[in-house]
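Coordinates as given in upload.txt (compact mmCIF, C-alpha atoms):
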```txt
# COMPACT_ATOMS: atom_id res chain seq x y z
CA MET A 91 25.37 33.86 15.33
CA LYS A 92 25.30 30.06 15.55
CA SER A 93 25.24 30.35 19.35
CA LEU A 94 21.84 32.10 19.10
CA ARG A 95 20.28 30.05 16.30
CA VAL A 96 20.89 26.63 17.81
CA PRO A 97 19.21 27.47 21.17
CA LEU A 98 16.30 29.00 19.21
CA LEU A 99 15.84 25.75 17.28
CA ILE A 100 16.16 23.68 20.46
CA ALA A 101 13.52 25.89 22.13
CA LEU A 102 11.19 25.37 19.14
CA GLY A 103 11.79 21.62 19.34
CA LEU A 104 10.91 21.65 23.04
CA LEU A 105 7.74 23.63 22.20
CA VAL A 106 6.73 20.93 19.70
CA ILE A 107 7.33 18.19 22.28
CA TYR A 108 5.37 20.15 24.92
CA LEU A 109 2.42 20.58 22.54
CA GLY A 110 2.57 16.90 21.60
CA VAL A 111 2.42 15.83 25.25
CA ARG A 112 -0.35 18.36 25.99
CA VAL A 113 -2.48 17.12 23.09
CA GLY A 114 -1.72 13.52 24.04
CA PHE A 115 -3.10 13.99 27.55
CA ALA A 116 -6.09 15.95 26.18
CA ALA A 117 -6.86 13.17 23.68
CA ARG A 118 -6.59 10.53 26.41
CA ASP A 119 -9.23 12.33 28.51
CA LEU A 120 -11.50 13.15 25.57
CA THR A 121 -15.23 12.77 26.20
CA GLN A 122 -18.06 12.49 23.70
CA ALA A 123 -19.73 15.65 25.09
CA ALA A 124 -16.55 17.70 24.57
CA CYS A 125 -16.18 16.34 21.05
CA SER A 126 -19.68 17.51 20.08
CA ASN A 127 -19.47 20.92 21.77
CA PRO A 128 -21.49 23.26 19.49
CA LYS A 129 -19.81 26.46 20.76
CA PRO A 130 -15.98 26.15 20.82
CA SER A 131 -14.25 28.85 22.88
CA VAL A 132 -12.19 30.01 19.87
CA PRO A 133 -13.97 30.54 16.52
CA GLY A 134 -12.53 28.81 13.47
CA TRP A 135 -11.90 32.01 11.54
CA SER A 136 -9.70 33.40 14.33
CA ILE A 137 -7.59 30.20 14.32
CA LEU A 138 -7.22 30.58 10.55
CA LEU A 139 -6.29 34.28 10.88
CA ALA A 140 -3.73 33.53 13.62
CA SER A 141 -2.27 30.76 11.44
CA VAL A 142 -1.79 33.17 8.53
CA VAL A 143 -0.10 35.70 10.84
CA PHE A 144 2.29 33.07 12.22
CA PHE A 145 2.99 31.79 8.70
CA VAL A 146 4.27 35.30 7.86
CA VAL A 147 6.17 35.56 11.17
CA GLY A 148 7.83 32.20 10.44
CA HIS A 149 9.03 33.46 7.07
CA TYR A 150 10.34 36.67 8.66
CA THR A 151 12.41 34.74 11.22
CA ALA A 152 13.83 32.53 8.46
CA GLY A 153 14.94 35.69 6.65
CA GLN A 154 16.63 36.92 9.83
CA ARG A 155 18.49 33.65 10.18
CA ASP A 156 19.62 33.65 6.57
CA GLU A 157 20.83 37.26 6.61
CA THR A 158 23.46 36.30 9.16
CA HIS A 159 24.29 33.06 7.41
CA GLY A 160 26.34 34.34 4.51
CA LEU A 161 29.73 33.91 6.17
CA ALA A 162 29.27 30.24 6.98
CA PRO A 163 31.16 27.93 4.61
CA ALA A 164 28.93 25.70 2.48
CA ARG A 165 30.57 22.39 3.32
CA HIS A 166 29.23 19.02 2.22
CA TRP A 167 26.65 20.83 0.05
CA TRP A 168 25.91 17.79 -2.09
CA THR A 169 25.06 15.59 0.90
CA GLY A 170 22.83 18.33 2.30
CA ALA A 171 21.07 18.85 -1.04
CA LEU A 172 20.48 15.12 -1.36
CA ALA A 173 19.09 14.99 2.18
CA VAL A 174 16.71 17.91 1.52
CA HIS A 175 15.48 16.49 -1.78
CA THR A 176 14.98 13.08 -0.21
CA ALA A 177 13.08 14.68 2.67
CA LEU A 178 10.90 16.64 0.22
CA ALA A 179 10.15 13.50 -1.78
CA LEU A 180 9.24 11.69 1.45
CA PHE A 181 7.08 14.65 2.51
CA PHE A 182 5.19 14.57 -0.81
CA PHE A 183 4.76 10.81 -0.54
CA LEU A 184 3.39 11.03 3.01
CA GLY A 185 1.14 13.91 1.91
CA VAL A 186 -0.31 11.74 -0.85
CA CYS A 187 -0.83 8.90 1.67
CA ALA A 188 -2.62 11.31 4.04
CA LEU A 189 -4.85 12.57 1.22
CA ILE A 190 -5.68 8.99 0.16
CA TYR A 191 -6.58 8.21 3.78
CA GLU A 192 -8.69 11.41 3.98
CA THR A 193 -10.47 10.51 0.72
CA LEU A 194 -11.28 7.00 1.96
CA GLY A 195 -12.47 8.45 5.28
CA VAL A 196 -14.76 10.99 3.61
CA TRP A 197 -16.02 8.36 1.17
CA GLY A 198 -17.17 6.31 4.14
CA GLN A 199 -17.86 3.07 2.26
CA THR A 200 -14.75 1.17 3.25
CA PRO A 201 -14.58 -2.07 5.21
CA TRP A 202 -12.07 -0.52 7.65
CA ASN A 203 -14.46 2.18 9.00
CA LEU A 204 -11.86 4.95 8.55
CA GLN A 205 -12.58 8.42 9.94
CA PRO A 206 -11.27 11.44 8.00
CA ILE A 207 -8.48 13.50 9.57
CA THR A 208 -10.82 16.49 9.28
CA ASP A 209 -13.08 14.93 11.92
CA TYR A 210 -10.17 14.59 14.32
CA VAL A 211 -9.09 18.23 13.87
CA ARG A 212 -12.65 19.56 14.24
CA CYS A 213 -13.20 17.34 17.28
CA ALA A 214 -9.96 18.70 18.80
CA ARG A 215 -11.14 22.30 18.25
CA LYS A 216 -14.49 21.62 19.87
CA ALA A 217 -12.91 19.80 22.82
CA ASP A 218 -9.93 22.12 23.48
CA ALA A 219 -9.86 25.16 21.20
CA THR A 220 -6.90 26.82 22.94
CA THR A 221 -4.60 23.82 22.44
CA THR A 222 -5.82 23.47 18.85
CA LEU A 223 -5.01 27.15 18.30
CA LEU A 224 -1.48 26.62 19.70
CA VAL A 225 -0.89 23.61 17.45
CA ALA A 226 -2.27 25.42 14.37
CA VAL A 227 -0.07 28.51 14.85
CA THR A 228 3.00 26.34 15.58
CA VAL A 229 2.49 24.30 12.40
CA SER A 230 1.90 27.51 10.43
CA PHE A 231 5.03 29.10 11.90
CA PHE A 232 7.16 26.16 10.76
CA ALA A 233 5.46 26.08 7.36
CA GLY A 234 6.28 29.77 6.90
CA HIS A 235 9.78 29.26 8.33
CA TRP A 236 10.75 26.46 5.98
CA LEU A 237 8.46 27.06 3.01
CA TRP A 238 7.54 30.24 1.19
CA PHE A 239 6.33 30.95 -2.29
CA PRO A 240 9.24 32.55 -4.23
CA ALA A 241 7.64 35.90 -5.07
CA ARG A 242 11.00 37.57 -5.59
CA ARG A 243 14.54 36.52 -6.31
CA SER A 244 16.96 37.53 -3.55
CA GLY A 245 20.12 36.17 -5.15
CA ARG A 246 20.71 33.50 -2.53
CA MET B 191 -17.75 8.87 15.69
CA SER B 192 -16.88 7.06 18.88
CA THR B 193 -14.86 8.93 21.50
CA GLY B 194 -12.16 6.27 21.58
CA SER B 195 -11.52 6.43 17.84
CA ALA B 196 -11.43 10.24 17.93
CA GLY B 197 -8.87 10.23 20.75
CA ALA B 198 -6.74 7.63 18.96
CA GLY B 199 -7.05 9.53 15.67
CA ILE B 200 -5.98 12.81 17.27
CA MET B 201 -3.04 10.99 18.85
CA TRP B 202 -1.92 9.65 15.47
CA VAL B 203 -2.21 13.09 13.84
CA VAL B 204 -0.14 14.63 16.64
CA ILE B 205 2.45 11.82 16.55
CA ALA B 206 2.88 12.38 12.80
CA LEU B 207 3.31 16.15 13.32
CA VAL B 208 5.73 15.81 16.26
CA VAL B 209 7.88 13.18 14.50
CA GLY B 210 7.93 15.17 11.23
CA PHE B 211 8.81 18.46 12.88
CA GLY B 212 11.24 16.76 15.26
CA ILE B 213 13.23 15.22 12.39
CA THR B 214 13.24 18.52 10.48
CA ILE B 215 14.27 20.55 13.54
CA GLY B 216 17.01 18.01 14.29
CA THR B 217 18.26 18.29 10.70
CA ASP B 218 18.18 22.09 10.91
CA ILE B 219 20.13 22.03 14.18
CA TYR B 220 22.71 19.71 12.58
CA PHE B 221 23.08 22.05 9.58
CA GLU B 222 23.45 25.09 11.86
CA TRP B 223 25.93 23.30 14.11
CA LYS B 224 28.07 22.23 11.15
CA GLY B 225 27.94 25.71 9.57
CA MET B 226 25.92 24.48 6.61
CA GLU B 227 22.96 26.18 4.91
CA SER B 228 19.70 26.04 6.85
CA VAL B 229 16.73 23.92 5.82
CA SER B 230 14.74 27.07 4.93
CA THR B 231 17.52 28.33 2.61
CA ARG B 232 17.69 24.98 0.84
CA ILE B 233 13.92 24.60 0.48
CA GLN B 234 13.53 28.19 -0.74
CA ARG B 235 16.22 27.55 -3.36
CA TRP B 236 14.22 24.49 -4.42
CA ALA B 237 11.06 26.64 -4.45
CA ARG B 238 12.70 29.19 -6.78
CA ARG B 239 13.66 26.39 -9.12
CA TYR B 240 10.17 24.84 -9.03
CA PRO B 241 7.78 27.74 -8.28
CA LEU B 242 4.72 25.80 -9.45
CA TYR B 243 5.34 23.03 -6.92
CA ALA B 244 6.07 25.52 -4.15
CA GLY B 245 2.94 27.53 -4.98
CA GLY B 246 0.95 24.30 -4.97
CA MET B 247 2.28 23.38 -1.54
CA VAL B 248 1.45 26.80 -0.06
CA PHE B 249 -1.99 26.75 -1.71
CA GLY B 250 -2.62 23.23 -0.42
CA PHE B 251 -1.55 24.21 3.10
CA GLY B 252 -3.94 27.19 3.09
CA ALA B 253 -6.78 25.15 1.61
CA ILE B 254 -6.38 22.43 4.25
CA LEU B 255 -6.34 25.01 7.07
CA ALA B 256 -9.46 26.71 5.69
CA HIS B 257 -11.16 23.32 5.25
CA PHE B 258 -10.37 22.33 8.84
CA PHE B 259 -11.41 25.56 10.56
CA LEU B 260 -13.96 27.33 8.35
CA ASN B 261 -16.25 24.54 7.17
CA GLY B 262 -16.83 22.91 10.56
```

Could you write out this structure as structure tokens?
Amino acid sequence: MKSLRVPLLIALGLLVIYLGVRVGFAARDLTQAACSNPKPSVPGWSILLASVVFFVVGHYTAGQRDETHGLAPARHWWTGALAVHTALALFFFLGVCALIYETLGVWGQTPWNLQPITDYVRCARKADATTTLLVAVTVSFFAGHWLWFPARRSGR
Amino acid sequence: MSTGSAGAGIMWVVIALVVGFGITIGTDIYFEWKGMESVSTRIQRWARRYPLYAGGMVFGFGAILAHFFLNG
């Protein structure tokens, strides 16, 4: 089933690039009025609900991929495990950096005049709620696809 | 918040997301192409070994989403 999985991943990669370009153009044309729009076209709770749904869908598609993966030989497993653990360590490190930045931004008493990431996300929702919804569900899909709390042991 | 800083900030957030997901998707494609275990299989094996960390990551992801979209 490799012939199906690889095009699926390439399509998802193209979707990420498309969303990145779309948000880039939207951010370039951002106006102050759009950023302070009091009535976004999509309410926050519906973005959150859609994100949860796509988180579950992402996990389901990962399960479908793995069910057909049993016949593939596990070659170079040590290199792959090292790469994944290194990537996870880097992910945690970058997450800590982002949270430090967010803390400094919320604190507000820094000489660098940092703005919290939260402000950027909320501004994006007020300016272009549809694009923000697309980005949120895409991120949630990948989070569910690659990460899931281990509620049961499947023997893999 | 000035408009320019908001636009630049959104750009940086999106660049971080696109680069992060791009690298992970590229790695996943490489694993699939070489017939190796997928990224999700490897991370879920890690999550079974360290359920507290995995639960913390999922909880943190949900808390950040709720903070972004429910409090504003």

Within 12 Å of Leu105 in chain A, counting only C-alpha atoms, which residues show up once you throw out same-chain ones fewer than 6 positions away? Write them as a ChimeraX atom specification, please.
/A:98-99,111-112,224-225,227-229,231-232 /B:208,211-212,215

Kindly determine which residues of chain B lie within 6 Å of chain A, considering all atoms listed in the file, and give the answer as number ranges by chain.
B: 193, 196-197, 200-201, 219, 225-226, 230, 238, 244-245, 258-260

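From CA of Thr193 in chain A back to CA of Ile233 in chain B, the distance works out to 28.2 Å.
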
Quote the spacing between CA of Leu172 in chain A and CA of Gln234 in chain B in Å to one decimal place.
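Calculated distance between CA of Leu172 in chain A and CA of Gln234 in chain B is 14.8 Å.
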
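One finds CA of Tyr150 in chain A at 18.3 Å from CA of Trp236 in chain B.
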
Rebuild range 108-119 of chain A so that it carries all heavy atoms, then output the result as an mmCIF file, in the coordinates of the input.
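Dumped everything to selection21.cif:
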```cif
data_model
loop_
_atom_site.group_PDB
_atom_site.id
_atom_site.type_symbol
_atom_site.label_atom_id
_atom_site.label_comp_id
_atom_site.auth_asym_id
_atom_site.auth_seq_id
_atom_site.Cartn_x
_atom_site.Cartn_y
_atom_site.Cartn_z
ATOM 1 N N TYR A 108 6.349 19.742 23.898
ATOM 2 C CA TYR A 108 5.370 20.150 24.920
ATOM 3 C C TYR A 108 3.950 20.079 24.359
ATOM 4 O O TYR A 108 3.036 19.534 25.006
ATOM 5 C CB TYR A 108 5.680 21.578 25.391
ATOM 6 C CG TYR A 108 4.536 22.214 26.131
ATOM 7 C CD1 TYR A 108 4.206 21.822 27.427
ATOM 8 C CD2 TYR A 108 3.751 23.214 25.529
ATOM 9 C CE1 TYR A 108 3.138 22.390 28.097
ATOM 10 C CE2 TYR A 108 2.691 23.785 26.192
ATOM 11 C CZ TYR A 108 2.387 23.377 27.473
ATOM 12 O OH TYR A 108 1.326 23.934 28.128
ATOM 13 N N LEU A 109 3.764 20.610 23.145
ATOM 14 C CA LEU A 109 2.420 20.580 22.540
ATOM 15 C C LEU A 109 1.969 19.151 22.266
ATOM 16 O O LEU A 109 0.799 18.812 22.465
ATOM 17 C CB LEU A 109 2.415 21.406 21.249
ATOM 18 C CG LEU A 109 2.458 22.921 21.433
ATOM 19 C CD1 LEU A 109 2.576 23.621 20.085
ATOM 20 C CD2 LEU A 109 1.219 23.419 22.166
ATOM 21 N N GLY A 110 2.916 18.302 21.837
ATOM 22 C CA GLY A 110 2.570 16.900 21.600
ATOM 23 C C GLY A 110 2.094 16.216 22.863
ATOM 24 O O GLY A 110 1.077 15.508 22.857
ATOM 25 N N VAL A 111 2.811 16.444 23.963
ATOM 26 C CA VAL A 111 2.420 15.830 25.250
ATOM 27 C C VAL A 111 1.077 16.393 25.710
ATOM 28 O O VAL A 111 0.199 15.651 26.167
ATOM 29 C CB VAL A 111 3.525 16.076 26.301
ATOM 30 C CG1 VAL A 111 3.052 15.637 27.680
ATOM 31 C CG2 VAL A 111 4.798 15.330 25.917
ATOM 32 N N ARG A 112 0.906 17.722 25.563
ATOM 33 C CA ARG A 112 -0.350 18.360 25.990
ATOM 34 C C ARG A 112 -1.538 17.797 25.223
ATOM 35 O O ARG A 112 -2.577 17.475 25.806
ATOM 36 C CB ARG A 112 -0.231 19.878 25.794
ATOM 37 C CG ARG A 112 -1.488 20.635 26.152
ATOM 38 C CD ARG A 112 -1.257 22.135 26.163
ATOM 39 N NE ARG A 112 -2.533 22.848 26.294
ATOM 40 C CZ ARG A 112 -2.654 24.118 26.620
ATOM 41 N NH1 ARG A 112 -1.578 24.820 26.877
ATOM 42 N NH2 ARG A 112 -3.831 24.688 26.694
ATOM 43 N N VAL A 113 -1.381 17.679 23.904
ATOM 44 C CA VAL A 113 -2.480 17.120 23.090
ATOM 45 C C VAL A 113 -2.690 15.653 23.422
ATOM 46 O O VAL A 113 -3.827 15.168 23.459
ATOM 47 C CB VAL A 113 -2.180 17.310 21.587
ATOM 48 C CG1 VAL A 113 -3.232 16.611 20.740
ATOM 49 C CG2 VAL A 113 -2.150 18.780 21.239
ATOM 50 N N GLY A 114 -1.593 14.932 23.696
ATOM 51 C CA GLY A 114 -1.720 13.520 24.040
ATOM 52 C C GLY A 114 -2.567 13.314 25.286
ATOM 53 O O GLY A 114 -3.478 12.475 25.302
ATOM 54 N N PHE A 115 -2.309 14.105 26.322
ATOM 55 C CA PHE A 115 -3.100 13.990 27.550
ATOM 56 C C PHE A 115 -4.549 14.420 27.296
ATOM 57 O O PHE A 115 -5.486 13.818 27.823
ATOM 58 C CB PHE A 115 -2.481 14.825 28.666
ATOM 59 C CG PHE A 115 -1.359 14.125 29.365
ATOM 60 C CD1 PHE A 115 -0.052 14.548 29.208
ATOM 61 C CD2 PHE A 115 -1.601 13.014 30.168
ATOM 62 C CE1 PHE A 115 1.000 13.892 29.834
ATOM 63 C CE2 PHE A 115 -0.557 12.349 30.803
ATOM 64 C CZ PHE A 115 0.744 12.790 30.640
ATOM 65 N N ALA A 116 -4.731 15.493 26.484
ATOM 66 C CA ALA A 116 -6.090 15.950 26.180
ATOM 67 C C ALA A 116 -6.867 14.888 25.407
ATOM 68 O O ALA A 116 -8.053 14.658 25.666
ATOM 69 C CB ALA A 116 -6.034 17.258 25.391
ATOM 70 N N ALA A 117 -6.195 14.217 24.470
ATOM 71 C CA ALA A 117 -6.860 13.170 23.680
ATOM 72 C C ALA A 117 -7.208 11.973 24.552
ATOM 73 O O ALA A 117 -8.251 11.337 24.369
ATOM 74 C CB ALA A 117 -5.964 12.744 22.521
ATOM 75 N N ARG A 118 -6.341 11.675 25.523
ATOM 76 C CA ARG A 118 -6.590 10.530 26.410
ATOM 77 C C ARG A 118 -7.858 10.759 27.234
ATOM 78 O O ARG A 118 -8.628 9.833 27.490
ATOM 79 C CB ARG A 118 -5.388 10.336 27.334
ATOM 80 C CG ARG A 118 -5.434 9.054 28.136
ATOM 81 C CD ARG A 118 -4.382 9.062 29.211
ATOM 82 N NE ARG A 118 -4.599 10.152 30.167
ATOM 83 C CZ ARG A 118 -3.862 10.368 31.247
ATOM 84 N NH1 ARG A 118 -2.832 9.601 31.489
ATOM 85 N NH2 ARG A 118 -4.125 11.369 32.075
ATOM 86 N N ASP A 119 -8.077 12.021 27.654
ATOM 87 C CA ASP A 119 -9.230 12.330 28.510
ATOM 88 C C ASP A 119 -10.429 12.830 27.718
ATOM 89 O O ASP A 119 -11.341 13.434 28.290
ATOM 90 C CB ASP A 119 -8.818 13.406 29.537
ATOM 91 C CG ASP A 119 -7.659 12.932 30.405
ATOM 92 O OD1 ASP A 119 -7.545 11.707 30.607
ATOM 93 O OD2 ASP A 119 -6.875 13.784 30.869
#
```
